[in-house]
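S.K.: structure35.txt is the file, holding compact mmCIF, C-alpha atoms:
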```txt
# COMPACT_ATOMS: atom_id res chain seq x y z
CA MET A 1285 -72.02 -72.18 44.50
CA THR A 1286 -68.85 -72.71 42.60
CA GLY A 1287 -66.24 -72.97 45.30
CA THR A 1288 -67.68 -76.11 46.78
CA ARG A 1289 -67.48 -79.72 45.74
CA GLU A 1290 -71.10 -80.55 46.56
CA PRO A 1291 -73.28 -81.75 43.73
CA ARG A 1292 -74.51 -78.75 41.81
CA SER A 1293 -77.64 -78.26 39.84
CA ARG A 1294 -77.54 -78.25 36.07
CA PRO A 1295 -76.61 -74.78 34.76
CA GLN A 1296 -79.68 -72.78 33.78
CA ARG A 1297 -78.32 -69.84 31.87
CA VAL A 1298 -75.92 -71.11 29.26
CA LEU A 1299 -74.02 -69.06 26.71
CA ILE A 1300 -72.62 -70.66 23.59
CA ILE A 1301 -69.48 -68.83 22.54
CA VAL A 1302 -68.70 -69.20 18.84
CA PRO A 1303 -65.34 -67.74 17.85
CA ALA A 1304 -65.54 -66.96 14.14
CA TRP A 1305 -62.89 -65.70 11.79
CA ASN A 1306 -64.09 -65.33 8.20
CA GLU A 1307 -66.69 -68.05 8.61
CA GLN A 1308 -69.60 -66.50 6.69
CA ASP A 1309 -70.22 -69.69 4.72
CA ALA A 1310 -70.34 -72.18 7.57
CA LEU A 1311 -71.79 -69.94 10.27
CA THR A 1312 -75.47 -70.02 9.30
CA GLN A 1313 -75.55 -73.81 9.35
CA THR A 1314 -73.66 -73.89 12.65
CA LEU A 1315 -76.09 -71.48 14.30
CA GLN A 1316 -79.04 -73.47 12.98
CA ASP A 1317 -77.55 -76.61 14.48
CA ILE A 1318 -77.24 -74.93 17.86
CA ALA A 1319 -80.79 -73.62 17.66
CA SER A 1320 -82.13 -77.07 16.83
CA SER A 1321 -80.22 -78.72 19.66
CA GLY A 1322 -83.18 -78.27 21.99
CA GLU A 1323 -81.07 -76.42 24.52
CA ALA A 1324 -82.36 -73.03 25.61
CA VAL A 1325 -79.16 -71.12 25.17
CA HIS A 1326 -77.97 -67.72 24.13
CA VAL A 1327 -75.40 -67.63 21.37
CA LEU A 1328 -72.57 -65.13 21.26
CA VAL A 1329 -70.59 -65.03 18.03
CA VAL A 1330 -67.23 -63.42 18.61
CA ASP A 1331 -66.27 -62.03 15.23
CA ASP A 1332 -62.49 -62.20 15.40
CA GLY A 1333 -61.65 -59.38 13.04
CA SER A 1334 -63.28 -60.97 10.02
CA THR A 1335 -62.96 -59.27 6.67
CA ASP A 1336 -66.01 -60.98 5.25
CA SER A 1337 -69.64 -60.63 6.35
CA THR A 1338 -69.36 -62.97 9.34
CA ALA A 1339 -70.84 -60.38 11.71
CA THR A 1340 -73.84 -59.65 9.46
CA VAL A 1341 -74.53 -63.33 8.90
CA ALA A 1342 -74.43 -63.98 12.64
CA ALA A 1343 -76.69 -61.04 13.45
CA ASP A 1344 -79.18 -62.10 10.79
CA ALA A 1345 -79.27 -65.55 12.35
CA GLY A 1346 -80.28 -63.94 15.62
CA ALA A 1347 -77.06 -64.37 17.54
CA LEU A 1348 -75.41 -61.79 19.73
CA VAL A 1349 -72.42 -60.47 17.86
CA CYS A 1350 -69.27 -59.14 19.44
CA SER A 1351 -66.86 -57.76 16.87
CA LEU A 1352 -63.19 -57.54 17.74
CA PRO A 1353 -61.49 -54.64 15.97
CA PHE A 1354 -58.70 -56.90 14.69
CA ASN A 1355 -57.83 -60.57 14.67
CA LEU A 1356 -56.73 -61.88 18.05
CA GLY A 1357 -56.89 -65.61 17.48
CA VAL A 1358 -59.11 -68.13 19.24
CA GLY A 1359 -57.64 -67.27 22.65
CA GLY A 1360 -58.57 -63.61 22.41
CA ALA A 1361 -62.02 -64.36 21.03
CA MET A 1362 -62.71 -66.86 23.79
CA ARG A 1363 -61.55 -64.61 26.59
CA THR A 1364 -63.90 -61.95 25.24
CA GLY A 1365 -66.70 -64.50 25.28
CA TYR A 1366 -65.98 -65.64 28.83
CA ARG A 1367 -65.87 -62.05 30.02
CA TYR A 1368 -69.24 -61.40 28.44
CA ALA A 1369 -70.66 -64.56 30.02
CA LEU A 1370 -69.35 -63.63 33.44
CA ARG A 1371 -70.53 -60.05 33.31
CA HIS A 1372 -74.00 -61.08 32.26
CA GLY A 1373 -74.41 -63.68 34.92
CA TYR A 1374 -74.39 -66.85 32.88
CA ASP A 1375 -73.95 -70.11 34.80
CA ALA A 1376 -72.06 -71.85 32.06
CA ALA A 1377 -70.40 -71.23 28.72
CA VAL A 1378 -69.73 -73.64 25.89
CA GLN A 1379 -67.01 -73.08 23.31
CA PHE A 1380 -68.31 -74.07 19.90
CA ASP A 1381 -66.40 -73.82 16.62
CA ALA A 1382 -68.01 -71.92 13.78
CA ASP A 1383 -66.66 -74.13 11.01
CA GLY A 1384 -69.18 -76.91 11.52
CA GLN A 1385 -66.70 -79.30 13.11
CA HIS A 1386 -68.67 -79.54 16.32
CA ASP A 1387 -71.97 -81.35 16.58
CA ALA A 1388 -74.70 -79.53 18.51
CA ARG A 1389 -76.23 -82.87 19.55
CA TYR A 1390 -73.56 -83.07 22.23
CA LEU A 1391 -74.47 -79.74 23.81
CA SER A 1392 -76.95 -81.29 26.24
CA PRO A 1393 -74.67 -84.06 27.55
CA LEU A 1394 -71.76 -81.63 27.85
CA ILE A 1395 -73.87 -79.24 29.94
CA ASP A 1396 -75.16 -82.22 31.95
CA GLN A 1397 -71.60 -83.08 32.87
CA LEU A 1398 -71.12 -79.68 34.47
CA VAL A 1399 -73.04 -80.99 37.46
CA ASP A 1400 -69.94 -82.90 38.50
CA HIS A 1401 -67.20 -80.95 36.77
CA ASP A 1402 -66.00 -77.41 36.33
CA LEU A 1403 -64.74 -77.97 32.81
CA VAL A 1404 -65.91 -80.66 30.41
CA ILE A 1405 -63.99 -81.41 27.23
CA GLY A 1406 -65.80 -82.90 24.28
CA ALA A 1407 -63.24 -85.53 23.39
CA ARG A 1408 -62.54 -87.35 20.19
CA PHE A 1409 -60.84 -90.76 20.50
CA ALA A 1410 -63.10 -91.55 23.40
CA GLY A 1411 -65.00 -94.27 21.60
CA GLU A 1412 -67.81 -92.32 20.03
CA GLY A 1413 -68.59 -92.73 16.35
CA VAL A 1414 -66.21 -92.87 13.46
CA PRO A 1415 -62.57 -92.44 14.47
CA TYR A 1416 -61.38 -88.92 13.89
CA ARG A 1417 -58.81 -89.08 11.11
CA VAL A 1418 -55.40 -87.63 11.82
CA SER A 1419 -51.95 -88.72 10.78
CA PRO A 1420 -50.27 -91.33 13.03
CA ALA A 1421 -47.51 -88.90 14.00
CA ARG A 1422 -49.94 -86.19 14.99
CA ARG A 1423 -52.01 -88.75 16.79
CA ALA A 1424 -48.93 -89.76 18.77
CA ALA A 1425 -48.31 -86.13 19.66
CA MET A 1426 -51.88 -85.74 20.85
CA LYS A 1427 -51.55 -88.95 22.84
CA ILE A 1428 -48.49 -87.69 24.70
CA LEU A 1429 -50.28 -84.47 25.55
CA ALA A 1430 -53.34 -86.38 26.71
CA VAL A 1431 -51.29 -88.63 29.00
CA ALA A 1432 -49.43 -85.67 30.51
CA LEU A 1433 -52.59 -83.70 31.18
CA SER A 1434 -54.49 -86.74 32.45
CA ARG A 1435 -51.87 -87.18 35.14
CA MET A 1436 -52.11 -83.55 36.13
CA ALA A 1437 -55.89 -83.48 36.20
CA ARG A 1438 -56.02 -86.89 37.92
CA THR A 1439 -58.63 -88.10 35.46
CA THR A 1440 -58.65 -89.68 32.04
CA LEU A 1441 -58.44 -87.14 29.25
CA THR A 1442 -58.05 -88.50 25.75
CA ASP A 1443 -58.23 -85.31 23.72
CA VAL A 1444 -56.89 -82.13 25.25
CA THR A 1445 -56.65 -80.29 21.94
CA SER A 1446 -60.39 -80.36 21.43
CA GLY A 1447 -61.95 -76.91 21.19
CA TYR A 1448 -65.39 -78.24 22.13
CA ARG A 1449 -65.67 -77.59 25.85
CA ALA A 1450 -68.15 -76.49 28.47
CA ALA A 1451 -67.20 -74.41 31.49
CA ASN A 1452 -69.17 -73.56 34.60
CA ALA A 1453 -68.94 -70.23 36.43
CA ARG A 1454 -65.81 -71.28 38.30
CA ALA A 1455 -63.91 -72.21 35.14
CA MET A 1456 -65.37 -69.18 33.38
CA ARG A 1457 -63.85 -66.93 36.00
CA VAL A 1458 -60.47 -68.56 35.45
CA PHE A 1459 -60.72 -68.16 31.68
CA ALA A 1460 -62.06 -64.61 31.79
CA ALA A 1461 -58.88 -63.61 33.57
CA HIS A 1462 -56.37 -65.89 31.85
CA TYR A 1463 -56.97 -67.25 28.43
CA PRO A 1464 -53.74 -67.51 26.47
CA ALA A 1465 -53.60 -66.06 22.99
CA GLU A 1466 -50.67 -68.10 21.75
CA TYR A 1467 -50.89 -71.07 19.39
CA LEU A 1468 -52.30 -74.11 21.24
CA GLY A 1469 -52.77 -71.84 24.23
CA ASP A 1470 -56.50 -71.96 23.74
CA THR A 1471 -56.58 -75.72 24.28
CA VAL A 1472 -53.52 -77.21 25.99
CA GLU A 1473 -52.45 -74.27 28.09
CA SER A 1474 -55.96 -73.25 29.07
CA THR A 1475 -56.56 -76.79 30.34
CA VAL A 1476 -53.40 -76.59 32.45
CA ILE A 1477 -54.52 -73.23 33.81
CA ALA A 1478 -57.88 -74.71 34.76
CA VAL A 1479 -56.21 -77.65 36.50
CA ARG A 1480 -53.86 -75.40 38.40
CA ALA A 1481 -56.72 -73.14 39.42
CA GLY A 1482 -58.28 -76.17 41.07
CA CYS A 1483 -60.99 -76.90 38.52
CA GLN A 1484 -62.30 -80.40 38.17
CA ILE A 1485 -61.90 -81.50 34.58
CA GLY A 1486 -64.03 -84.11 32.90
CA GLN A 1487 -64.60 -85.29 29.39
CA TYR A 1488 -67.45 -86.56 27.32
CA PRO A 1489 -66.95 -88.58 24.13
CA VAL A 1490 -68.04 -86.73 21.02
CA GLU A 1491 -67.90 -87.34 17.33
CA MET A 1492 -66.55 -84.51 15.23
CA ARG A 1493 -67.31 -83.76 11.65
CA VAL A 1494 -64.63 -83.29 9.09
CA ARG A 1495 -63.77 -79.65 8.75
CA GLN A 1496 -65.38 -77.99 5.73
CA GLY A 1497 -62.26 -76.40 4.31
CA GLY A 1498 -58.59 -76.71 5.05
CA VAL A 1499 -56.45 -79.80 4.69
CA PRO A 1500 -55.28 -81.24 8.00
CA SER A 1501 -51.53 -81.45 8.20
CA GLN A 1502 -50.38 -84.94 7.36
CA THR A 1503 -46.59 -84.93 7.20
CA SER A 1504 -44.48 -86.23 10.06
CA ALA A 1505 -42.40 -83.06 10.06
CA ARG A 1506 -45.51 -81.03 10.69
CA ALA A 1507 -46.55 -83.42 13.44
CA LEU A 1508 -43.14 -83.15 15.04
CA LEU A 1509 -43.34 -79.37 14.92
CA TYR A 1510 -46.79 -79.62 16.42
CA LEU A 1511 -45.49 -81.80 19.24
CA VAL A 1512 -42.63 -79.40 19.95
CA ARG A 1513 -44.95 -76.41 20.07
CA ALA A 1514 -47.43 -78.28 22.22
CA GLY A 1515 -44.61 -79.35 24.51
CA VAL A 1516 -43.42 -75.77 24.83
CA ALA A 1517 -46.98 -74.63 25.56
CA LEU A 1518 -47.31 -77.37 28.17
CA VAL A 1519 -44.00 -76.69 29.91
CA LEU A 1520 -44.59 -72.93 29.92
CA ALA A 1521 -48.06 -73.43 31.36
CA LEU A 1522 -46.55 -75.58 34.10
CA VAL A 1523 -43.79 -73.21 35.13
CA ARG A 1524 -45.77 -70.00 34.77
CA ARG A 1525 -47.26 -68.34 37.79
CA TRP A 1526 -50.98 -67.77 37.71
CA PRO A 1527 -52.55 -65.52 40.28
CA ALA A 1528 -55.07 -67.18 42.55
CA VAL A 1529 -58.37 -66.98 40.78
CA ASP A 1530 -60.96 -66.93 43.52
CA GLU A 1531 -59.50 -63.68 44.76
CA ASP A 1532 -59.25 -62.34 41.27
CA ASP A 1533 -61.66 -59.54 40.64
CA ALA A 1534 -60.29 -58.29 37.36
CA VAL A 1535 -63.61 -58.94 35.69
CA GLU A 1536 -66.43 -57.28 37.52
CA PRO A 1537 -69.98 -57.81 36.40
CA THR A 1538 -71.19 -54.65 34.75
CA VAL A 1539 -74.55 -53.04 35.10
CA PRO A 1540 -77.23 -55.12 33.45
CA THR A 1541 -78.14 -54.06 29.96
CA ALA A 1542 -81.55 -52.70 29.12
CA HIS A 1543 -82.50 -56.12 27.86
CA GLN A 1544 -81.30 -57.93 30.92
CA ALA A 1545 -82.71 -55.46 33.38
CA ARG A 1546 -86.09 -56.94 32.51
CA THR A 1547 -85.01 -60.45 33.36
CA PRO A 1548 -83.36 -60.42 36.76
CA HIS A 1549 -80.91 -63.21 37.21
CA ARG A 1550 -78.53 -64.47 39.75
CA ARG A 1551 -75.27 -62.63 40.19
CA HIS A 1552 -72.10 -64.24 41.36
CA ASP A 1553 -72.45 -64.28 45.08
CA GLU A 1554 -68.89 -65.21 45.96
CA PRO A 1555 -67.11 -62.90 48.30
CA ARG A 1556 -64.93 -60.61 46.26
CA GLY A 1557 -62.22 -58.20 47.10
CA GLU A 1558 -63.70 -54.77 46.73
CA GLN A 1559 -62.29 -52.71 43.94
CA PRO A 1560 -63.11 -49.03 43.95
CA MET B 812 -5.50 -34.66 17.75
CA ASN B 813 -6.02 -38.30 16.98
CA PRO B 814 -8.70 -38.65 14.29
CA SER B 815 -10.34 -41.55 16.11
CA ILE B 816 -10.81 -39.36 19.17
CA VAL B 817 -12.48 -36.70 17.02
CA LEU B 818 -14.76 -39.36 15.52
CA GLY B 819 -15.70 -40.68 18.95
CA ILE B 820 -16.45 -37.25 20.32
CA ILE B 821 -18.54 -36.29 17.31
CA GLY B 822 -20.47 -39.55 17.54
CA SER B 823 -21.29 -39.23 21.23
CA THR B 824 -22.15 -35.55 20.86
CA VAL B 825 -24.58 -36.33 18.04
CA ILE B 826 -26.28 -38.98 20.19
CA LEU B 827 -26.60 -36.57 23.10
CA VAL B 828 -27.99 -33.77 20.95
CA VAL B 829 -30.49 -36.07 19.25
CA LEU B 830 -31.53 -37.45 22.65
CA PHE B 831 -32.05 -33.96 24.01
CA GLU B 832 -34.06 -32.89 21.00
CA MET B 833 -36.24 -36.00 21.07
CA LEU B 834 -36.90 -35.53 24.78
CA ARG B 835 -37.71 -31.88 24.19
CA ARG B 836 -40.26 -32.77 21.51
CA ARG B 837 -41.66 -35.56 23.71
CA HIS B 838 -40.75 -38.18 21.10
CA LEU B 839 -38.86 -40.24 23.64
CA ARG B 840 -39.81 -41.23 27.12
CA GLU B 841 -37.34 -40.69 29.94
CA LYS B 842 -37.14 -44.37 30.83
CA TYR B 843 -35.66 -45.16 27.42
CA ALA B 844 -33.58 -42.01 27.24
CA VAL B 845 -31.63 -42.85 30.39
CA VAL B 846 -30.02 -45.92 28.84
CA TRP B 847 -29.00 -44.12 25.67
CA PHE B 848 -27.72 -41.18 27.67
CA LEU B 849 -25.47 -43.53 29.66
CA VAL B 850 -24.26 -45.19 26.44
CA ALA B 851 -23.34 -41.81 24.91
CA LEU B 852 -21.62 -40.73 28.10
CA ALA B 853 -19.61 -43.95 28.33
CA SER B 854 -18.46 -43.81 24.72
CA MET B 855 -17.38 -40.21 25.18
CA THR B 856 -15.43 -41.09 28.31
CA VAL B 857 -13.63 -43.95 26.59
CA THR B 858 -12.83 -41.69 23.61
CA ILE B 859 -11.32 -38.96 25.74
CA PHE B 860 -9.49 -41.31 28.10
CA PRO B 861 -8.42 -44.31 25.98
CA ASP B 862 -6.18 -45.52 28.81
CA LEU B 863 -9.31 -46.36 30.75
CA LEU B 864 -10.05 -49.03 28.17
CA ASN B 865 -6.47 -50.36 28.18
CA VAL B 866 -6.36 -50.62 31.97
CA SER B 867 -9.70 -52.36 32.27
CA ALA B 868 -8.84 -54.74 29.39
CA ARG B 869 -5.67 -55.75 31.21
CA ALA B 870 -7.61 -56.11 34.44
CA VAL B 871 -10.10 -58.61 33.00
CA GLY B 872 -7.44 -60.35 30.90
CA VAL B 873 -8.52 -59.26 27.42
CA GLU B 874 -5.42 -59.03 25.18
CA VAL B 875 -6.76 -56.62 22.56
CA PRO B 876 -8.50 -53.73 24.39
CA VAL B 877 -10.83 -52.97 21.51
CA ASN B 878 -12.32 -56.47 21.88
CA LEU B 879 -13.50 -55.50 25.33
CA LEU B 880 -15.20 -52.49 23.78
CA PHE B 881 -16.93 -54.67 21.19
CA PHE B 882 -18.00 -57.15 23.84
CA ALA B 883 -19.44 -54.45 26.08
CA ALA B 884 -21.20 -52.82 23.13
CA SER B 885 -22.79 -56.07 21.96
CA MET B 886 -23.94 -56.91 25.47
CA ILE B 887 -25.58 -53.51 25.85
CA LEU B 888 -27.34 -53.87 22.49
CA LEU B 889 -28.51 -57.37 23.44
CA VAL B 890 -29.99 -56.17 26.71
CA LEU B 891 -31.69 -53.26 24.97
CA ALA B 892 -33.18 -55.55 22.31
CA LEU B 893 -34.44 -57.83 25.06
CA GLN B 894 -35.99 -54.92 26.86
CA HIS B 895 -37.78 -53.90 23.68
CA SER B 896 -39.13 -57.42 23.16
CA TYR B 897 -40.42 -57.33 26.70
CA GLU B 898 -42.09 -53.97 26.20
CA LEU B 899 -43.54 -55.18 22.91
CA GLY B 900 -45.06 -58.23 24.58
CA ARG B 901 -46.59 -56.07 27.27
CA LEU B 902 -48.03 -53.73 24.68
CA GLU B 903 -49.49 -56.64 22.72
CA GLU B 904 -51.18 -57.95 25.84
CA LYS B 905 -52.51 -54.50 26.62
CA SER B 906 -53.82 -53.93 23.11
CA ARG B 907 -55.41 -57.38 23.21
CA THR B 908 -57.23 -56.50 26.41
CA LEU B 909 -58.31 -53.17 24.94
CA ALA B 910 -59.55 -54.83 21.75
CA GLU B 911 -61.62 -57.25 23.83
CA GLU B 912 -63.07 -54.47 25.93
CA VAL B 913 -63.87 -52.38 22.85
CA ALA B 914 -65.71 -55.32 21.31
CA LEU B 915 -67.68 -55.92 24.50
CA LEU B 916 -68.54 -52.23 24.81
CA ARG B 917 -69.67 -52.11 21.22
CA LEU B 918 -71.99 -55.04 21.83
CA GLU B 919 -73.27 -53.39 25.01
CA LEU B 920 -73.91 -50.17 23.11
CA ASP B 921 -75.73 -51.97 20.30
CA GLN B 922 -77.96 -53.67 22.84
CA ARG B 923 -78.76 -50.41 24.58
CA LEU B 924 -79.47 -48.50 21.38
CA SER B 925 -81.81 -51.11 19.98
CA PRO B 926 -83.28 -53.20 22.80
CA PRO B 927 -86.49 -54.20 20.99
CA SER B 928 -84.71 -55.69 18.00
CA GLU B 929 -82.55 -57.77 20.29
CA PRO B 930 -84.29 -61.13 20.54
CA GLU B 931 -84.97 -62.68 23.90
CA HIS B 932 -83.51 -65.96 22.71
CA PRO B 933 -80.70 -65.26 20.31
CA GLY B 934 -80.23 -68.97 19.77
CA GLY B 935 -83.66 -68.99 18.22
CA SER B 936 -84.62 -72.07 20.21
CA ALA B 937 -88.22 -72.98 20.86
CA THR B 938 -88.01 -73.20 24.62
CA SER B 939 -87.33 -70.23 26.81
CA PRO B 940 -84.27 -69.85 29.03
CA GLU B 941 -85.30 -70.02 32.64
CA ASP B 942 -83.35 -67.04 33.74
CA GLY B 943 -85.72 -65.56 36.26
CA ARG B 944 -85.49 -67.91 39.17
```
Translate this structure into C-alpha cells?
M.R.:
Amino acid sequence: MTGTREPRSRPQRVLIIVPAWNEQDALTQTLQDIASSGEAVHVLVVDDGSTDSTATVAADAGALVCSLPFNLGVGGAMRTGYRYALRHGYDAAVQFDADGQHDARYLSPLIDQLVDHDLVIGARFAGEGVPYRVSPARRAAMKILAVALSRMARTTLTDVTSGYRAANARAMRVFAAHYPAEYLGDTVESTVIAVRAGCQIGQYPVEMRVRQGGVPSQTSARALLYLVRAGVALVLALVRRWPAVDEDDAVEPTVPTAHQARTPHRRHDEPRGEQP
Amino acid sequence: MNPSIVLGIIGSTVILVVLFEMLRRRHLREKYAVVWFLVALASMTVTIFPDLLNVSARAVGVEVPVNLLFFAASMILLVLALQHSYELGRLEEKSRTLAEEVALLRLELDQRLSPPSEPEHPGGSATSPEDGR
C-alpha cells in the first residue's frame, strides 16, 4: 500500500492529532471547528504536560486525550500522536494546532492530497487568502528554508515551518520512529527526515488565522537568531544518519482496544522484521 | 617529606576511599568509577615520582612541568564533562520515550476501563468513519 508509487485511494481512517500545551481557552473552539469540517475523523488531543484543565476540556469535547506526564514540546507530543495512529491502524494523521491558528476547512483538501503524496504541508504564502503577516527578516529566513527544502524534496515548498500537515501511513511510520524534539525540529527537521526516508512531499495553500495570544517576534535580531537556529536544524538533519524506515519495526501495532475490537480495520500489511 | 607530596598523597587517597565507599553502597556505577580510579591512581603516581612529570615535560617540550600537569588535568575534565553531556542527552531521549509510552498506556487503560463512555466518533462529526471495510 504505502511502499508503492501507484495512485492510492483516499485515506479512510484519519486521526487528527492536536498537540496542546495549556490551551484550555482555545481548545473547545478548535475541536468544534474540526467536528464541523465534515470530515469523519477521530481527534486525539495530546496534552503536553498542561497545568491547566486542557485534558478535561478536551475529554468533555469528546476527543481522545493522551496526557504526557511532563512537557515534551511539540515534537514529543506529535511522536506520541503518530505512534497512537500507527498502533491503531489509521491510514492518515493530520497535525492540527490547538491555538486556533489552523482552519479546519482545509482538512478535506489536505487529506485529498494524500492520494498523490506521503506528506502534505498546509502552506502559507502559497497564494491563498490574506497574506500571513510576519516581519520581513523572518520572512526572508523562512524563504531561505523553503528554497533549500524545495530543492531537496524536488518540489515547490513555500512554507516548511507550517505545523499544519497531513501524513499517510508511510510518513506516519517515519514520524513514529523519528520525530525530533528540538526547537524547529518538529517542522524543518521532520520534513528533511521525511524527504530522506523517501516520502513524496506536497503542499496545499492554506490561510492561517492570527494566533489568539502571543506576539510574533518582529525584531531583526530575533529573525536572525531564528534563521541561525533553523540553519543549524537543517544542517544537522542533513548530516545525521537515520535508520532505514521500512525495515524499522520499533513501533509495533498493539492489540486492539476493547473499543476497536468491535470495528475491525486494516492492519499494516507490509512485511516487517519479526521482533520477539 | 615534601609537604606537596603529602598533599598529593592525601588527595588521591581520599578520592580512592570515597570511590570505594560509593561503589560499595551502589551509589556509583562501575563504568564511571573506572575513570575516576585511573585519575586518582595517576595523580598518586605523579606525586610519589615527580621526576616522571619532569621527564615527560621535557619529552614533549613543555618548559614548566607543572603546565603539562594542568593541561592533562583540564583535558581529562573536558572529556569527562563531554561524556556526561552525552549520557544526559541519552537519558533525556529515554525519558522522552518513556513519557510518550506512559501517556499512550494511560489512554489505552482509560479506554479499556470505560469502553461505553468512549464515543465512536470522538470528533463528534455527523458522518461515521468507514473503518470496517
S.K.: Using only C-alpha atoms, which of the listed residues (A:Ile1428, A:Gly1486, A:Leu1518, A:Arg1297) sits closest to Leu1370 in chain A?
M.R.: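 When distances to Leu1370 in chain A are compared using only C-alpha atoms, the smallest one comes from A:Arg1297.
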S.K.: Any idea what's packed within 12 Å of range 894-901 of chain B, counting all atoms listed in the file, ignoring anything in its chain fewer than 4 positions away? Could you give it as an MDAnalysis selection string?
M.R.: (chainID A and resid 1465:1466) or (chainID B and resid 842:843 846 887:890 905:908)
S.K.: Nearest to Pro814 in chain B: which of B:Ala892, B:Val866, B:Phe882, B:Thr858 is it, counting all atoms listed in the file?
M.R.: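 That would be B:Thr858, the residue with the smallest distance to Pro814 in chain B.
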S.K.: Just the number, please: distance in Å from CA of Ala1432 in chain A to CA of Tyr1390 in chain A, one decimal.
M.R.: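 Here the two named atoms are 25.6 Å from each other.
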S.K.: Would you list the contacts of Asp1332 in chain A as an NGL selection string, taking every protein, DNA or RNA residue within 10 Å and counting all atoms listed in the file, but skipping same-chain residues closer than 2 positions in sequence?
M.R.: (:A and (1302-1307 or 1329-1330 or 1334-1335 or 1338-1339 or 1350-1358 or 1360-1362 or 1364)) or (:B and (911 or 914))
S.K.: In Å, rounded to a single decimal, give me how far CA of Pro1393 in chain A is from CA of Thr1314 in chain A.
M.R.: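 Here the two named atoms are 18.1 Å from each other.
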S.K.: Give me the residues within 8 Å of Met1426 in chain A as an MDAnalysis selection string, counting all atoms listed in the file and dropping any in the same chain fewer than 3 places off.
M.R.: chainID A and resid 1422:1423 1429:1430 1443:1445 1511
S.K.: Report, in Å to a single decimal, how far apart CA of Leu1509 in chain A and CA of Ala1437 in chain A are.
M.R.: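 Calculated distance between CA of Ala1437 in chain A and CA of Leu1509 in chain A is 25.0 Å.
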S.K.: Taking into account all atoms listed in the file, which residue in the set B:Arg840, B:Ala910, B:Ala851, B:Asp921 is nearest to Ile826 in chain B?
M.R.: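 Ranked by minimum distance to Ile826 in chain B, first place goes to B:Ala851.
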S.K.: Given only C-alpha atoms as the basis, pick out the residue of B:Val913, B:Phe860, B:Leu818, B:Val871 nearest to chain A.
M.R.: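 Among the listed residues, B:Val913 lies closest to chain A.
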S.K.: Pick the closest to chain A from B:Leu920, B:Leu879, B:Val825, B:Met833: which is it, counting only C-alpha atoms?
M.R.: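 For chain A, the nearest of the candidates is B:Leu920.
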S.K.: Using all atoms listed in the file, which of the listed residues (B:Val845, B:Arg835, B:Val850, B:Arg923) sits closest to Met886 in chain B?
M.R.: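 Between B:Val845, B:Arg835, B:Val850, B:Arg923, the residue approaching Met886 in chain B most closely is B:Val850.
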